[in-house]
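Undergrad: Before I ask anything, let me first share the structure, which is written out below as structure tokens.
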Amino acid sequence: MAYLARNRSLDQISIARTPVEQPVAAGAVLYEGAFVTLLNAGGFAVRAGTASAGPVVGVAHANAAVPVASGDTSVILDAGLFSRPLDAVHPPVQTDVGHVVYASDDQTISRLAADGPMLGVFMGFTTDATPRGIVLIDQLVAALYGDLGGLAITGALSTVADAPAKAVLTSIVAALVARGATNSTT
């Protein structure tokens, strides 16, 4: 696990949509190819792994000038499928395909949420001599899988008589709670 110290290849496999531009936070160093998140407080772009930032919303298309004040410069973010190195301690495994993975720094894929922000959906492995992970990174994915800390779930699951329906609802509630929602169902 090591943060970028210079530009790197984008390693983009496919483009999911047109690139978008985001203003950069004061003092943020964003190298080409870095996983980029947005600060929760102001929405300015920073590299993945920065405290108080949300899920990864894209990959820096080119390195951005380091701004003195937030918003002085912008970075173009690419989305799509990217091939990246796997975390040495918590690498994704085959059973992680189709599930959310995390950024252990601004270029590395981890399967453990404690390692960093939500990165995207794990799609599989490359066939290189040293396998790399393939991850789908997109702002829509970030929004769908992001933190649900402001969501409160209420209701009476105990009144649901149909066992299969109750099981489905219980698993949905558990998934929402795992992403930050609060549960006050009975």
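Going by the structure tokens order, chains are called A, B, ..., each with residues numbered from 1, while ligands are numbered from 1 in the order shown.
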Report as an NGL selection string: the residues of stretch 44-179 of chain A with a DSSP assignment of helix (DSSP H, G or I), based on the backbone of this structure.
TA: :A and (94-96 or 113-115 or 139-145 or 157-159 or 163-178)
Undergrad: What's around A:Ala142 at 8 Å? Count only C-alpha atoms, leave out sequence neighbours fewer than 3 positions away in its own chain, and write the answer as a PyMOL selection string.
TA: chain A and resi 55-57+118-120+137-139+145-146
Undergrad: With N, CA and C atoms retained, export the selected residues as an mmCIF file, in the first residue's frame.
TA:
```
data_model
loop_
_atom_site.group_PDB
_atom_site.id
_atom_site.type_symbol
_atom_site.label_atom_id
_atom_site.label_comp_id
_atom_site.auth_asym_id
_atom_site.auth_seq_id
_atom_site.Cartn_x
_atom_site.Cartn_y
_atom_site.Cartn_z
ATOM 1 N N PRO A 55 -17.120 8.450 -0.672
ATOM 2 C CA PRO A 55 -16.687 7.371 -1.552
ATOM 3 C C PRO A 55 -15.941 7.897 -2.777
ATOM 4 N N VAL A 56 -15.199 7.024 -3.434
ATOM 5 C CA VAL A 56 -14.479 7.387 -4.657
ATOM 6 C C VAL A 56 -15.495 7.721 -5.746
ATOM 7 N N VAL A 57 -15.286 8.848 -6.433
ATOM 8 C CA VAL A 57 -16.209 9.297 -7.467
ATOM 9 C C VAL A 57 -15.590 9.273 -8.862
ATOM 10 N N MET A 118 -15.257 3.645 0.093
ATOM 11 C CA MET A 118 -15.855 2.784 -0.912
ATOM 12 C C MET A 118 -15.278 3.163 -2.282
ATOM 13 N N LEU A 119 -14.787 2.164 -3.008
ATOM 14 C CA LEU A 119 -14.145 2.392 -4.299
ATOM 15 C C LEU A 119 -15.094 2.159 -5.464
ATOM 16 N N GLY A 120 -15.755 1.035 -5.469
ATOM 17 C CA GLY A 120 -16.636 0.687 -6.580
ATOM 18 C C GLY A 120 -17.045 -0.770 -6.465
ATOM 19 N N ILE A 137 -15.776 2.022 -11.380
ATOM 20 C CA ILE A 137 -15.795 3.260 -10.593
ATOM 21 C C ILE A 137 -16.689 4.263 -11.313
ATOM 22 N N ASP A 138 -17.672 4.799 -10.599
ATOM 23 C CA ASP A 138 -18.607 5.735 -11.208
ATOM 24 C C ASP A 138 -19.312 6.520 -10.106
ATOM 25 N N GLN A 139 -19.694 7.772 -10.372
ATOM 26 C CA GLN A 139 -20.388 8.574 -9.360
ATOM 27 C C GLN A 139 -21.742 7.984 -9.011
ATOM 28 N N TYR A 145 -24.036 3.137 -3.388
ATOM 29 C CA TYR A 145 -23.401 2.336 -2.344
ATOM 30 C C TYR A 145 -22.798 3.178 -1.230
ATOM 31 N N GLY A 146 -23.007 4.466 -1.296
ATOM 32 C CA GLY A 146 -22.368 5.360 -0.339
ATOM 33 C C GLY A 146 -22.927 5.274 1.067
#
```
Undergrad: From the list A:Ala103, A:Ile109, A:Val97, A:Ala62, which residue is nearest A:Thr50 when using only C-alpha atoms?
TA: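 Ranked by minimum distance to A:Thr50, first place goes to A:Ala103.
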Undergrad: Do you have the atom CA of A:Pro164-atom CA of A:Gly98 distance handy?
TA: 23.8 Å
Undergrad: Could you work out how far atom CA of A:Gly116 lies from atom CA of A:His61, giving the answer in Å with one decimal?
TA: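 Pair atom CA of A:His61 / atom CA of A:Gly116 returns 21.2 Å.
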Undergrad: Provide the atom CA of A:Ser184 to atom CA of A:Leu157 distance in Å, to one decimal place.
TA: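 Here the two named atoms are 10.2 Å from each other.
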Undergrad: Would you please extract all strand (DSSP E or B) residues from stretch 59-162 of chain A, as assigned by DSSP on the backbone, and give them as JSON, numbers by chain?
TA: {"A": [59, 60, 64, 74, 75, 76, 77, 78, 80, 81, 82, 83, 84, 86, 100, 101, 102, 103, 109, 110, 118, 119, 120, 121, 122, 123, 124, 125, 133, 134, 135, 136, 137, 152, 153]}
Undergrad: From the list A:Ala129, A:Leu30, A:Val160, A:Leu86, which residue is nearest A:Ser110 when using only C-alpha atoms?
TA: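 For A:Ser110, the nearest of the given residues is A:Leu86.
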Undergrad: Quick one: residues within 12 Å of A:Gly133, only C-alpha atoms counted, chain neighbours fewer than 4 positions away excluded, as a PyMOL selection string?
TA: chain A and resi 11-13+81-87+91-94+96-97+101-103+107-111+119-128
Undergrad: Limited to N, CA, C and O atoms, could you put the picked residues into a file as a tab-separated table (two decimals), in the first residue's frame?
TA:
```tsv
chain	number	residue	atom	x	y	z
A	11	ASP	N	-4.82	2.99	-16.71
A	11	ASP	CA	-5.22	1.58	-16.71
A	11	ASP	C	-6.73	1.45	-16.86
A	11	ASP	O	-7.37	0.64	-16.20
A	12	GLN	N	-7.30	2.28	-17.75
A	12	GLN	CA	-8.74	2.25	-17.97
A	12	GLN	C	-9.07	1.22	-19.02
A	12	GLN	O	-8.50	1.21	-20.10
A	13	ILE	N	-10.00	0.34	-18.70
A	13	ILE	CA	-10.41	-0.73	-19.61
A	13	ILE	C	-11.55	-0.27	-20.49
A	13	ILE	O	-11.59	-0.55	-21.68
A	81	LEU	N	-14.32	1.06	-16.10
A	81	LEU	CA	-13.62	-0.10	-15.56
A	81	LEU	C	-12.13	0.19	-15.54
A	81	LEU	O	-11.56	0.61	-16.55
A	82	PHE	N	-11.51	-0.04	-14.39
A	82	PHE	CA	-10.08	0.21	-14.22
A	82	PHE	C	-9.40	-1.02	-13.67
A	82	PHE	O	-9.95	-1.73	-12.84
A	83	SER	N	-8.17	-1.25	-14.12
A	83	SER	CA	-7.34	-2.35	-13.63
A	83	SER	C	-6.33	-1.76	-12.66
A	83	SER	O	-5.59	-0.84	-13.02
A	84	ARG	N	-6.31	-2.28	-11.43
A	84	ARG	CA	-5.44	-1.72	-10.41
A	84	ARG	C	-4.83	-2.80	-9.53
A	84	ARG	O	-5.34	-3.91	-9.42
A	85	PRO	N	-3.72	-2.47	-8.81
A	85	PRO	CA	-3.09	-3.43	-7.90
A	85	PRO	C	-4.01	-3.80	-6.75
A	85	PRO	O	-4.87	-3.01	-6.34
A	86	LEU	N	-3.79	-5.00	-6.23
A	86	LEU	CA	-4.57	-5.50	-5.10
A	86	LEU	C	-3.83	-5.23	-3.79
A	86	LEU	O	-2.60	-5.31	-3.75
A	87	ASP	N	-4.57	-4.91	-2.76
A	87	ASP	CA	-3.99	-4.70	-1.44
A	87	ASP	C	-3.26	-5.97	-0.99
A	87	ASP	O	-3.76	-7.08	-1.17
A	91	PRO	N	-6.58	-8.41	-0.05
A	91	PRO	CA	-6.93	-8.40	-1.47
A	91	PRO	C	-8.32	-9.00	-1.70
A	91	PRO	O	-8.72	-9.91	-0.97
A	92	PRO	N	-9.05	-8.50	-2.68
A	92	PRO	CA	-10.32	-9.14	-3.01
A	92	PRO	C	-10.07	-10.57	-3.48
A	92	PRO	O	-9.00	-10.89	-4.00
A	93	VAL	N	-11.08	-11.42	-3.29
A	93	VAL	CA	-11.03	-12.81	-3.73
A	93	VAL	C	-12.21	-13.04	-4.67
A	93	VAL	O	-13.06	-12.16	-4.86
A	94	GLN	N	-12.27	-14.22	-5.27
A	94	GLN	CA	-13.30	-14.50	-6.26
A	94	GLN	C	-14.71	-14.25	-5.74
A	94	GLN	O	-15.57	-13.77	-6.48
A	96	ASP	N	-15.70	-11.94	-4.01
A	96	ASP	CA	-15.98	-10.50	-3.95
A	96	ASP	C	-16.49	-9.95	-5.27
A	96	ASP	O	-16.92	-8.79	-5.32
A	97	VAL	N	-16.45	-10.74	-6.34
A	97	VAL	CA	-16.93	-10.28	-7.64
A	97	VAL	C	-18.40	-9.88	-7.51
A	97	VAL	O	-19.22	-10.62	-6.96
A	101	VAL	N	-15.91	-2.91	-3.16
A	101	VAL	CA	-14.54	-2.97	-2.65
A	101	VAL	C	-14.13	-1.55	-2.25
A	101	VAL	O	-14.84	-0.58	-2.53
A	102	TYR	N	-12.97	-1.44	-1.63
A	102	TYR	CA	-12.55	-0.19	-1.00
A	102	TYR	C	-11.15	0.22	-1.46
A	102	TYR	O	-10.38	-0.61	-1.93
A	103	ALA	N	-10.82	1.49	-1.33
A	103	ALA	CA	-9.52	2.02	-1.72
A	103	ALA	C	-8.63	2.08	-0.48
A	103	ALA	O	-8.89	2.87	0.43
A	107	GLN	N	-4.63	4.24	-5.12
A	107	GLN	CA	-4.45	3.41	-6.31
A	107	GLN	C	-4.67	1.91	-6.08
A	107	GLN	O	-4.57	1.13	-7.00
A	108	THR	N	-4.99	1.48	-4.84
A	108	THR	CA	-5.00	0.07	-4.49
A	108	THR	C	-6.38	-0.40	-4.04
A	108	THR	O	-7.06	0.29	-3.30
A	109	ILE	N	-6.76	-1.63	-4.48
A	109	ILE	CA	-8.07	-2.22	-4.19
A	109	ILE	C	-8.00	-3.13	-2.97
A	109	ILE	O	-7.16	-4.03	-2.92
A	110	SER	N	-8.90	-2.92	-2.02
A	110	SER	CA	-9.00	-3.75	-0.82
A	110	SER	C	-10.43	-4.29	-0.69
A	110	SER	O	-11.38	-3.68	-1.16
A	111	ARG	N	-10.56	-5.42	-0.01
A	111	ARG	CA	-11.90	-5.97	0.24
A	111	ARG	C	-12.46	-5.52	1.59
A	111	ARG	O	-13.61	-5.77	1.91
A	119	LEU	N	-14.79	2.16	-3.01
A	119	LEU	CA	-14.15	2.39	-4.30
A	119	LEU	C	-15.09	2.16	-5.46
A	119	LEU	O	-15.20	2.97	-6.37
A	120	GLY	N	-15.76	1.03	-5.47
A	120	GLY	CA	-16.64	0.69	-6.58
A	120	GLY	C	-17.04	-0.77	-6.46
A	120	GLY	O	-16.96	-1.37	-5.40
A	121	VAL	N	-17.47	-1.33	-7.60
A	121	VAL	CA	-17.90	-2.72	-7.63
A	121	VAL	C	-16.80	-3.56	-8.25
A	121	VAL	O	-16.31	-3.25	-9.34
A	122	PHE	N	-16.40	-4.62	-7.55
A	122	PHE	CA	-15.33	-5.49	-8.03
A	122	PHE	C	-15.86	-6.37	-9.15
A	122	PHE	O	-16.87	-7.06	-8.99
A	123	MET	N	-15.17	-6.37	-10.30
A	123	MET	CA	-15.63	-7.10	-11.47
A	123	MET	C	-14.81	-8.35	-11.77
A	123	MET	O	-15.22	-9.16	-12.60
A	124	GLY	N	-13.64	-8.50	-11.16
A	124	GLY	CA	-12.83	-9.69	-11.40
A	124	GLY	C	-11.35	-9.36	-11.43
A	124	GLY	O	-10.91	-8.34	-10.91
A	125	PHE	N	-10.59	-10.28	-12.06
A	125	PHE	CA	-9.13	-10.17	-12.09
A	125	PHE	C	-8.62	-10.13	-13.53
A	125	PHE	O	-9.23	-10.70	-14.43
A	126	THR	N	-7.47	-9.50	-13.73
A	126	THR	CA	-6.80	-9.56	-15.03
A	126	THR	C	-6.11	-10.92	-15.14
A	126	THR	O	-5.99	-11.64	-14.16
A	127	THR	N	-5.65	-11.25	-16.32
A	127	THR	CA	-4.95	-12.52	-16.54
A	127	THR	C	-3.44	-12.31	-16.61
A	127	THR	O	-2.72	-13.16	-17.11
A	128	ASP	N	-2.96	-11.19	-16.09
A	128	ASP	CA	-1.53	-10.89	-16.09
A	128	ASP	C	-0.78	-11.89	-15.20
A	128	ASP	O	-1.38	-12.58	-14.38
```
Undergrad: With only C-alpha atoms as the atoms that count, which of A:Val66, A:Val59, A:Ala156, A:Ala174 lies nearest to A:Glu21?
TA: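 Checking each candidate against A:Glu21, we get A:Val59 as the closest.
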Undergrad: At a cut-off of 7 Å, using only C-alpha atoms, what residues contact stretch 70-73 of chain A? Leave out same-chain residues fewer than 2 positions from it and give the result as a PyMOL selection string.
TA: chain A and resi 23-26+44+65+67-68
Undergrad: Nearest residue to A:Leu77 out of A:Arg8, A:Val177, A:Tyr3, A:Thr18, using only C-alpha atoms?
TA: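 Using only C-alpha atoms, A:Leu77 sits closest to A:Thr18.
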Undergrad: So that I can see what lies close to A:Tyr31, please list as an mmCIF file with N, CA, C and O atoms, in the first residue's frame the residues with an atom at most 7 Å from it, counting only C-alpha atoms and leaving out residues fewer than 3 positions away in the same chain.
TA:
```
data_model
loop_
_atom_site.group_PDB
_atom_site.id
_atom_site.type_symbol
_atom_site.label_atom_id
_atom_site.label_comp_id
_atom_site.auth_asym_id
_atom_site.auth_seq_id
_atom_site.Cartn_x
_atom_site.Cartn_y
_atom_site.Cartn_z
ATOM 1 N N LEU A 4 0.337 7.437 -4.417
ATOM 2 C CA LEU A 4 1.063 7.857 -5.613
ATOM 3 C C LEU A 4 2.007 9.001 -5.288
ATOM 4 O O LEU A 4 1.678 9.897 -4.519
ATOM 5 N N ARG A 6 3.731 10.210 -8.133
ATOM 6 C CA ARG A 6 3.833 10.779 -9.481
ATOM 7 C C ARG A 6 2.661 10.249 -10.296
ATOM 8 O O ARG A 6 1.905 9.412 -9.841
ATOM 9 N N ASN A 7 2.551 10.728 -11.541
ATOM 10 C CA ASN A 7 1.492 10.245 -12.418
ATOM 11 C C ASN A 7 1.665 8.760 -12.689
ATOM 12 O O ASN A 7 2.774 8.235 -12.653
ATOM 13 N N ALA A 34 -4.996 8.774 -10.001
ATOM 14 C CA ALA A 34 -5.357 8.640 -8.581
ATOM 15 C C ALA A 34 -6.860 8.445 -8.417
ATOM 16 O O ALA A 34 -7.660 9.052 -9.127
ATOM 17 N N ALA A 60 -8.516 10.496 -11.529
ATOM 18 C CA ALA A 60 -7.964 11.726 -12.108
ATOM 19 C C ALA A 60 -7.443 11.451 -13.514
ATOM 20 O O ALA A 60 -6.601 10.580 -13.719
ATOM 21 N N ALA A 62 -5.792 13.583 -15.434
ATOM 22 C CA ALA A 62 -4.449 14.171 -15.526
ATOM 23 C C ALA A 62 -4.139 14.790 -14.179
ATOM 24 O O ALA A 62 -5.051 15.061 -13.400
ATOM 25 N N ASN A 63 -2.844 14.982 -13.893
ATOM 26 C CA ASN A 63 -2.545 15.588 -12.600
ATOM 27 C C ASN A 63 -3.079 17.018 -12.577
ATOM 28 O O ASN A 63 -3.106 17.704 -13.577
ATOM 29 N N ALA A 64 -3.527 17.432 -11.392
ATOM 30 C CA ALA A 64 -4.102 18.763 -11.216
ATOM 31 C C ALA A 64 -3.087 19.657 -10.524
ATOM 32 O O ALA A 64 -2.346 19.203 -9.653
#
```
Undergrad: With only C-alpha atoms as the basis for distance, which of A:Thr154, A:Gln22, A:Thr37, A:Ser52 is at the shortest distance from A:Asp105?
TA: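 Using only C-alpha atoms, A:Asp105 sits closest to A:Thr37.
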